[in-house]
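Content type compact mmCIF, C-alpha atoms and all ligand atoms, from the file work-v8.txt:
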# COMPACT_ATOMS: atom_id res chain seq x y z
CA MET A 1 66.76 118.89 -19.42
CA ASN A 2 65.08 120.85 -16.60
CA ILE A 3 62.36 122.99 -18.14
CA ILE A 4 59.78 125.47 -16.90
CA ILE A 5 56.82 126.33 -19.13
CA MET A 6 55.18 129.69 -18.47
CA GLY A 7 52.53 131.93 -19.98
CA PRO A 8 49.17 133.41 -19.06
CA PRO A 9 46.10 131.26 -18.30
CA GLY A 10 45.00 129.63 -21.56
CA ALA A 11 48.33 130.22 -23.37
CA GLY A 12 48.59 126.51 -24.11
CA LYS A 13 50.99 125.35 -21.37
CA GLY A 14 49.10 122.11 -20.70
CA THR A 15 48.59 121.43 -24.41
CA GLN A 16 52.29 121.83 -25.20
CA SER A 17 53.39 120.03 -22.03
CA ALA A 18 51.59 116.87 -23.16
CA LYS A 19 53.65 116.87 -26.36
CA ILE A 20 56.94 117.70 -24.61
CA ILE A 21 56.72 114.93 -22.01
CA GLU A 22 55.85 112.38 -24.66
CA GLU A 23 58.83 113.24 -26.85
CA TYR A 24 61.41 114.03 -24.18
CA LYS A 25 60.28 111.35 -21.69
CA ILE A 26 60.40 113.61 -18.66
CA PRO A 27 57.88 113.92 -15.80
CA HIS A 28 55.22 116.64 -16.03
CA ILE A 29 55.01 118.48 -12.74
CA SER A 30 51.87 120.60 -13.03
CA THR A 31 50.70 122.27 -9.84
CA GLY A 32 47.27 122.93 -11.39
CA ASP A 33 46.86 119.22 -12.26
CA MET A 34 48.04 118.20 -8.78
CA PHE A 35 45.50 120.52 -7.13
CA ARG A 36 42.67 119.29 -9.39
CA ALA A 37 43.56 115.64 -8.64
CA ALA A 38 43.57 116.35 -4.90
CA MET A 39 40.25 118.22 -5.22
CA LYS A 40 38.72 115.27 -7.06
CA ASP A 41 39.93 112.86 -4.35
CA LYS A 42 38.79 115.28 -1.62
CA THR A 43 42.08 114.97 0.28
CA PRO A 44 42.64 117.53 3.09
CA MET A 45 45.01 119.45 0.79
CA GLY A 46 42.46 119.28 -2.04
CA ILE A 47 39.68 120.65 0.18
CA GLU A 48 41.98 123.52 1.22
CA ALA A 49 43.14 124.21 -2.38
CA GLN A 50 39.59 124.20 -3.75
CA LYS A 51 38.76 127.41 -1.85
CA TYR A 52 41.37 129.23 -3.92
CA VAL A 53 41.26 127.39 -7.26
CA ASP A 54 37.48 127.81 -7.62
CA GLN A 55 37.92 131.57 -7.14
CA GLY A 56 40.82 131.82 -9.60
CA GLU A 57 43.12 132.85 -6.76
CA LEU A 58 46.57 131.51 -5.88
CA VAL A 59 46.83 128.68 -3.37
CA PRO A 60 49.10 129.79 -0.47
CA ASP A 61 52.83 129.34 -1.09
CA SER A 62 53.27 127.11 1.98
CA VAL A 63 50.95 124.50 0.39
CA THR A 64 52.19 124.91 -3.17
CA ASN A 65 55.93 124.85 -2.42
CA GLU A 66 55.49 121.71 -0.35
CA ILE A 67 53.72 119.72 -3.09
CA VAL A 68 56.43 120.67 -5.58
CA ARG A 69 59.16 119.72 -3.12
CA GLU A 70 57.50 116.32 -2.54
CA ARG A 71 57.00 115.72 -6.25
CA LEU A 72 60.60 116.61 -7.13
CA ALA A 73 61.81 114.26 -4.40
CA GLN A 74 59.95 111.36 -6.09
CA TYR A 75 62.14 111.51 -9.20
CA ASP A 76 65.83 111.02 -9.64
CA CYS A 77 65.33 113.66 -12.36
CA GLU A 78 68.04 112.03 -14.46
CA ASN A 79 66.48 113.11 -17.74
CA GLY A 80 65.07 116.27 -16.20
CA PHE A 81 61.51 117.46 -15.60
CA LEU A 82 58.93 119.88 -16.90
CA LEU A 83 57.45 122.33 -14.40
CA ASP A 84 54.07 123.77 -15.49
CA GLY A 85 52.27 126.42 -13.42
CA PHE A 86 55.14 126.80 -10.95
CA PRO A 87 56.74 129.11 -9.93
CA ARG A 88 53.93 131.64 -10.11
CA ASN A 89 55.28 134.46 -7.95
CA PRO A 90 58.75 135.67 -6.94
CA ASP A 91 58.66 133.88 -3.56
CA GLN A 92 57.92 130.56 -5.28
CA ALA A 93 60.80 131.23 -7.71
CA ALA A 94 63.13 131.79 -4.75
CA ALA A 95 61.86 128.59 -3.06
CA LEU A 96 62.47 126.65 -6.28
CA ASP A 97 66.04 127.95 -6.50
CA VAL A 98 66.67 126.59 -2.99
CA MET A 99 65.02 123.20 -3.76
CA LEU A 100 67.13 122.75 -6.88
CA ALA A 101 70.35 123.92 -5.24
CA GLU A 102 69.80 121.23 -2.58
CA LYS A 103 69.69 118.64 -5.38
CA GLY A 104 72.66 120.19 -7.22
CA ARG A 105 70.40 121.05 -10.15
CA LYS A 106 69.33 124.14 -12.03
CA ILE A 107 66.76 125.18 -14.61
CA ASP A 108 68.11 124.93 -18.17
CA VAL A 109 65.38 126.74 -20.08
CA VAL A 110 62.16 128.65 -19.38
CA LEU A 111 59.66 128.46 -22.25
CA ASN A 112 57.40 131.50 -22.30
CA ILE A 113 54.28 131.04 -24.42
CA ASP A 114 53.23 134.51 -25.46
CA VAL A 115 49.54 135.09 -26.26
CA PRO A 116 47.79 138.48 -26.13
CA THR A 117 45.07 138.84 -23.53
CA ASP A 118 42.21 139.24 -26.03
CA LEU A 119 42.68 135.64 -27.29
CA LEU A 120 42.79 134.05 -23.86
CA THR A 121 39.16 134.38 -22.78
CA GLU A 122 37.93 132.59 -25.90
CA ARG A 123 40.45 129.80 -25.39
CA LEU A 124 39.49 129.33 -21.75
CA THR A 125 35.71 129.53 -22.06
CA GLY A 126 35.87 127.02 -24.96
CA ARG A 127 38.11 124.56 -23.13
CA ARG A 128 36.75 121.14 -22.15
CA VAL A 129 38.68 118.63 -20.06
CA CYS A 130 38.24 114.88 -19.65
CA ARG A 131 37.06 114.03 -16.15
CA ASN A 132 38.80 110.68 -16.40
CA CYS A 133 42.22 111.18 -18.08
CA GLY A 134 42.62 114.98 -18.07
CA ALA A 135 42.97 115.32 -21.88
CA THR A 136 42.19 118.87 -23.00
CA TYR A 137 39.97 119.92 -25.92
CA HIS A 138 38.57 123.13 -27.33
CA ILE A 139 35.07 123.34 -28.76
CA VAL A 140 36.40 125.20 -31.85
CA TYR A 141 40.19 124.69 -32.10
CA ASN A 142 40.46 121.06 -31.00
CA PRO A 143 36.99 119.51 -30.76
CA PRO A 144 36.48 115.87 -29.73
CA LYS A 145 35.14 113.50 -32.39
CA VAL A 146 31.92 113.02 -30.38
CA ASP A 147 30.50 116.02 -28.53
CA GLY A 148 31.24 115.85 -24.79
CA VAL A 149 33.19 112.57 -25.01
CA CYS A 150 36.97 112.12 -24.69
CA ASP A 151 38.64 110.67 -27.82
CA VAL A 152 41.35 109.03 -25.71
CA CYS A 153 39.35 107.18 -23.07
CA GLY A 154 35.63 107.78 -23.70
CA GLY A 155 35.37 109.80 -20.45
CA GLU A 156 32.98 112.69 -19.92
CA LEU A 157 34.22 116.18 -20.79
CA TYR A 158 33.58 119.02 -18.34
CA GLN A 159 34.25 122.73 -18.02
CA ARG A 160 36.68 123.78 -15.26
CA SER A 161 35.12 125.73 -12.39
CA ASP A 162 37.64 128.55 -12.95
CA ASP A 163 36.94 128.89 -16.69
CA THR A 164 34.14 131.43 -16.28
CA GLU A 165 34.61 135.02 -17.50
CA GLU A 166 34.62 136.36 -13.93
CA LYS A 167 37.30 133.92 -12.70
CA ILE A 168 39.35 134.42 -15.88
CA THR A 169 39.50 138.17 -15.10
CA THR A 170 40.85 137.38 -11.61
CA ARG A 171 43.38 134.86 -12.98
CA LEU A 172 44.66 137.29 -15.62
CA SER A 173 45.12 140.15 -13.17
CA LEU A 174 47.00 137.81 -10.81
CA TYR A 175 49.14 136.68 -13.73
CA PHE A 176 50.24 140.25 -14.52
CA ALA A 177 50.74 141.23 -10.87
CA GLU A 178 52.41 138.06 -9.55
CA THR A 179 53.71 135.89 -12.39
CA LYS A 180 54.99 138.42 -14.93
CA PRO A 181 57.80 139.47 -12.53
CA VAL A 182 58.95 135.82 -12.50
CA ILE A 183 59.22 135.92 -16.30
CA ASP A 184 61.29 139.11 -15.99
CA TYR A 185 63.51 137.34 -13.43
CA TYR A 186 64.28 134.47 -15.83
CA GLN A 187 64.78 136.92 -18.68
CA LYS A 188 67.48 138.63 -16.60
CA ASN A 189 69.04 135.21 -15.90
CA GLY A 190 69.32 134.68 -19.66
CA ILE A 191 67.34 131.41 -19.77
CA LEU A 192 63.97 132.70 -21.04
CA ARG A 193 62.92 131.68 -24.55
CA THR A 194 59.68 133.19 -25.83
CA VAL A 195 57.44 131.37 -28.30
CA ASP A 196 54.58 132.87 -30.34
CA GLY A 197 51.54 131.12 -28.83
CA THR A 198 49.04 132.61 -31.28
CA LEU A 199 50.02 130.05 -33.92
CA GLY A 200 48.27 126.71 -34.33
CA MET A 201 49.13 124.07 -31.72
CA GLU A 202 51.45 122.14 -34.06
CA HIS A 203 53.37 125.27 -35.07
CA VAL A 204 53.81 126.29 -31.45
CA TYR A 205 55.23 122.84 -30.78
CA GLU A 206 57.64 123.10 -33.73
CA ALA A 207 58.99 126.34 -32.26
CA ILE A 208 59.44 124.58 -28.90
CA GLN A 209 61.23 121.65 -30.54
CA SER A 210 63.65 124.01 -32.24
CA ILE A 211 64.50 125.49 -28.83
CA LEU A 212 64.80 122.16 -27.01
CA GLY A 213 66.56 120.22 -29.77
CA GLY A 214 65.90 116.51 -30.45
CA GLY A 215 64.17 114.21 -27.95
CA ASN A 216 65.88 111.37 -26.08
P1 LIG B 301 46.66 125.99 -13.82
O1 LIG B 301 46.02 124.70 -14.08
O2 LIG B 301 48.15 126.10 -13.82
O3 LIG B 301 45.97 127.05 -14.78
P2 LIG B 301 46.51 128.29 -15.65
O4 LIG B 301 47.92 128.71 -15.44
O5 LIG B 301 45.47 129.32 -15.46
O6 LIG B 301 46.62 127.68 -17.04
P3 LIG B 301 45.53 126.89 -17.76
O7 LIG B 301 45.57 125.44 -17.37
O8 LIG B 301 44.22 127.58 -17.62
O9 LIG B 301 45.96 127.11 -19.27
P4 LIG B 301 47.07 126.45 -20.18
O10 LIG B 301 48.10 127.49 -20.48
O11 LIG B 301 47.56 125.14 -19.65
O12 LIG B 301 46.21 126.25 -21.49
P5 LIG B 301 45.69 124.91 -22.21
O13 LIG B 301 46.83 124.17 -22.82
O14 LIG B 301 44.74 124.14 -21.36
O15 LIG B 301 46.20 126.56 -12.38
C1 LIG B 301 44.86 126.53 -11.99
C2 LIG B 301 44.73 127.07 -10.57
O16 LIG B 301 45.48 126.26 -9.65
C3 LIG B 301 45.28 128.49 -10.35
O17 LIG B 301 44.34 129.51 -10.71
C4 LIG B 301 45.55 128.46 -8.84
O18 LIG B 301 44.36 128.56 -8.12
C5 LIG B 301 46.09 127.06 -8.65
N1 LIG B 301 47.55 127.02 -8.83
C6 LIG B 301 48.23 126.34 -9.79
N2 LIG B 301 49.54 126.53 -9.66
C7 LIG B 301 49.72 127.35 -8.60
C8 LIG B 301 50.86 127.93 -7.99
N3 LIG B 301 52.10 127.70 -8.45
N4 LIG B 301 50.65 128.73 -6.90
C9 LIG B 301 49.43 128.96 -6.42
N5 LIG B 301 48.30 128.47 -6.97
C10 LIG B 301 48.44 127.66 -8.06
O19 LIG B 301 44.88 125.61 -23.42
C11 LIG B 301 43.71 126.38 -23.16
C12 LIG B 301 42.67 126.12 -24.25
O20 LIG B 301 43.17 126.64 -25.49
C13 LIG B 301 42.39 124.62 -24.49
O21 LIG B 301 41.03 124.45 -24.79
C14 LIG B 301 43.28 124.26 -25.71
O22 LIG B 301 42.71 123.22 -26.47
C15 LIG B 301 43.30 125.59 -26.48
N6 LIG B 301 44.59 125.85 -27.14
C16 LIG B 301 45.83 125.57 -26.66
N7 LIG B 301 46.78 125.95 -27.55
C17 LIG B 301 46.10 126.50 -28.62
C18 LIG B 301 46.53 127.08 -29.87
N8 LIG B 301 47.84 127.17 -30.18
N9 LIG B 301 45.58 127.54 -30.70
C19 LIG B 301 44.25 127.45 -30.37
N10 LIG B 301 43.77 126.91 -29.21
C20 LIG B 301 44.72 126.44 -28.35
ZN ZN B 302 39.92 110.97 -21.37
Taking this structure as input, can you express it in the form of structure tokens?
Amino acid sequence: MNIIIMGPPGAGKGTQSAKIIEEYKIPHISTGDMFRAAMKDKTPMGIEAQKYVDQGELVPDSVTNEIVRERLAQYDCENGFLLDGFPRNPDQAAALDVMLAEKGRKIDVVLNIDVPTDLLTERLTGRRVCRNCGATYHIVYNPPKVDGVCDVCGGELYQRSDDTEEKITTRLSLYFAETKPVIDYYQKNGILRTVDGTLGMEHVYEAIQSILGGGN
């Protein structure tokens, strides 16, 4: 199944994606994760992306579309894929339609995790991420067993550079201006399925499972 997961910053896209890819055995194509990996490795693309990511702004489409195109080309996509964080504006959505048409594929379902704005700042400022394996925690809703240490790999937990209140404001306003129209586009196409993201993580996942059906 070819899936897109959407929702505002902090809605729980990464959290739910980790569960989906484990059960459905499909690759997770997260533009945010790809940018952060490139920033960590200080590749030329990472150095370019960092200027935007650190400010909570969108990386230019020319860069973003190209990394998605390359990543999609790496998979035969037999079981499908999960796109997270892409497309994020109408031009990216149009570019994705072209990329998929070239492969004779289409998106089957767009999961829209709906969370009101007032909950998002608390989720984002409380988020901690493992520097080593990328596992995500929350200081209140999903704390690690040992403060500051990843349960999975023992790595150090850090706070993302764009998880400050100022950057969150920028990210949210970009979401409403640029990304919301993409959600409307998929709604019109009849493939959007909205999930209540205010529930606990497990309940959100149950709602997703009931949309996607059983795993492979
Ligand atoms: P990206 O990494 O995609 O960030 P985002 O969309 O802002 O989403 P987040 O990762 O912040 O949130 P999430 O929804 O995954 O929430 P999570 O599961 O972690 O993009 C980062 C940057 O990269 C962009 O700003 C841009 O610069 C660049 N970029 C990326 N894609 C781009 C594109 N296509 N074009 C241009 N630029 C691009 O959960 C958040 C917290 O809440 C966690 O602590 C979690 O534990 C907790 N939580 C999750 N679910 C629940 C729940 N149900 N109840 C309670 N707490 C919960
Ligand atoms: Zn870890």
What are the closest atom pairs, with distances in Å to one decimal, for all residues of segment 116-166 of chain A lying within 10 Å of segment 45-69 of chain A? Consider all atoms listed in the file, order rows by chain and residue number, and present the result as a Markdown table.
| residue | atom | partner | partner_atom | distance |
| --- | --- | --- | --- | --- |
| A:Arg160 | CA | A:Asp54 | CA | 8.7 |
| A:Ser161 | CA | A:Asp54 | CA | 5.7 |
| A:Asp162 | CA | A:Asp54 | CA | 5.4 |
| A:Asp163 | CA | A:Gly56 | CA | 8.6 |
| A:Thr164 | CA | A:Gly56 | CA | 9.5 |
| A:Glu166 | CA | A:Gly56 | CA | 8.8 |
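Taking atom CA of Cys150 of chain A and atom CA of Ala135 of chain A as the two end points, the separation is 7.4 Å.
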All residues within 7 Å of ligand LIG 301 (chain B) are required, counting all atoms listed in the file; please report them as an NGL selection string. :A and (7-16 or 30-33 or 35 or 52-54 or 56-61 or 64 or 84-88 or 123-124 or 126-128 or 136-138 or 141-142 or 171 or 197-201 or 204)
Write out as a ChimeraX atom specification each polymer residue whose atoms come within 12 Å of Glu23 of chain A, counting only C-alpha atoms; drop sequence neighbours fewer than 6 positions from it. /A:16-17,79,82,205,208-209,212-216
Could you give me, as JSON lines, a per-residue list for chain A showing, wherever an atom lies at most 10 Å from an atom of ligand ZN 302 (chain B), the closest pair of atoms and their distance in Å to one decimal, using all atoms listed in the file and sorting by chain then residue number from low to high?
{"residue": "A:Val129", "atom": "CA", "partner": "B:ZN302", "partner_atom": "ZN", "distance": 7.9}
{"residue": "A:Cys130", "atom": "CA", "partner": "B:ZN302", "partner_atom": "ZN", "distance": 4.6}
{"residue": "A:Arg131", "atom": "CA", "partner": "B:ZN302", "partner_atom": "ZN", "distance": 6.7}
{"residue": "A:Asn132", "atom": "CA", "partner": "B:ZN302", "partner_atom": "ZN", "distance": 5.1}
{"residue": "A:Cys133", "atom": "CA", "partner": "B:ZN302", "partner_atom": "ZN", "distance": 4.0}
{"residue": "A:Gly134", "atom": "CA", "partner": "B:ZN302", "partner_atom": "ZN", "distance": 5.9}
{"residue": "A:Ala135", "atom": "CA", "partner": "B:ZN302", "partner_atom": "ZN", "distance": 5.3}
{"residue": "A:Thr136", "atom": "CA", "partner": "B:ZN302", "partner_atom": "ZN", "distance": 8.4}
{"residue": "A:Val149", "atom": "CA", "partner": "B:ZN302", "partner_atom": "ZN", "distance": 7.8}
{"residue": "A:Cys150", "atom": "CA", "partner": "B:ZN302", "partner_atom": "ZN", "distance": 4.6}
{"residue": "A:Asp151", "atom": "CA", "partner": "B:ZN302", "partner_atom": "ZN", "distance": 6.6}
{"residue": "A:Val152", "atom": "CA", "partner": "B:ZN302", "partner_atom": "ZN", "distance": 5.0}
{"residue": "A:Cys153", "atom": "CA", "partner": "B:ZN302", "partner_atom": "ZN", "distance": 4.2}
{"residue": "A:Gly154", "atom": "CA", "partner": "B:ZN302", "partner_atom": "ZN", "distance": 5.8}
{"residue": "A:Gly155", "atom": "CA", "partner": "B:ZN302", "partner_atom": "ZN", "distance": 4.8}
{"residue": "A:Glu156", "atom": "CA", "partner": "B:ZN302", "partner_atom": "ZN", "distance": 7.3}
{"residue": "A:Leu157", "atom": "CA", "partner": "B:ZN302", "partner_atom": "ZN", "distance": 7.7}
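Each of A:Tyr175, A:Lys180, A:Gln187, A:Phe81 was compared to Lys106 of chain A using all atoms listed in the file, and A:Phe81 turns out to be the nearest.
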Atom CA of Ile113 of chain A to atom CA of Ile29 of chain A, straight-line distance in Å: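 Separation between atom CA of Ile29 of chain A and atom CA of Ile113 of chain A: 17.2 Å.
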Quick one: distance from atom CA of Ile5 of chain A to atom CA of Arg71 of chain A in Å, one decimal?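 Atom-to-atom, atom CA of Ile5 of chain A and atom CA of Arg71 of chain A are spaced 16.7 Å apart.
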Point out the residue among A:Ile139, A:Leu192, A:Ile21, A:Leu174 with the least atom-to-atom distance to Gln159 of chain A, counting all atoms listed in the file.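 Checking each of A:Ile139, A:Leu192, A:Ile21, A:Leu174 against Gln159 of chain A, counting all atoms listed in the file, the winner is A:Ile139.
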Nearest candidate to Glu122 of chain A (options A:Leu83, A:Tyr75, A:Val140, A:Thr43; using all atoms listed in the file): A:Val140
Considering all atoms listed in the file, can you say which of A:Leu111, A:Asn2, A:Lys42, A:Asp118 comes closest to Glu78 of chain A?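 Smallest separation from Glu78 of chain A among the options: A:Asn2.
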Among the residues A:Val110, A:Leu72, A:Ile26, A:Ile211, the one that comes closest to Met6 of chain A [using all atoms listed in the file]: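 The answer is A:Val110, which sits nearest to Met6 of chain A.
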Identify, on the basis of all atoms listed in the file, every residue whose closest approach to Thr117 of chain A does not exceed 9 Å; exclude the query and any residue fewer than 3 positions from it along the same chain; express the result as a ChimeraX atom specification. /A:8,120-121,172
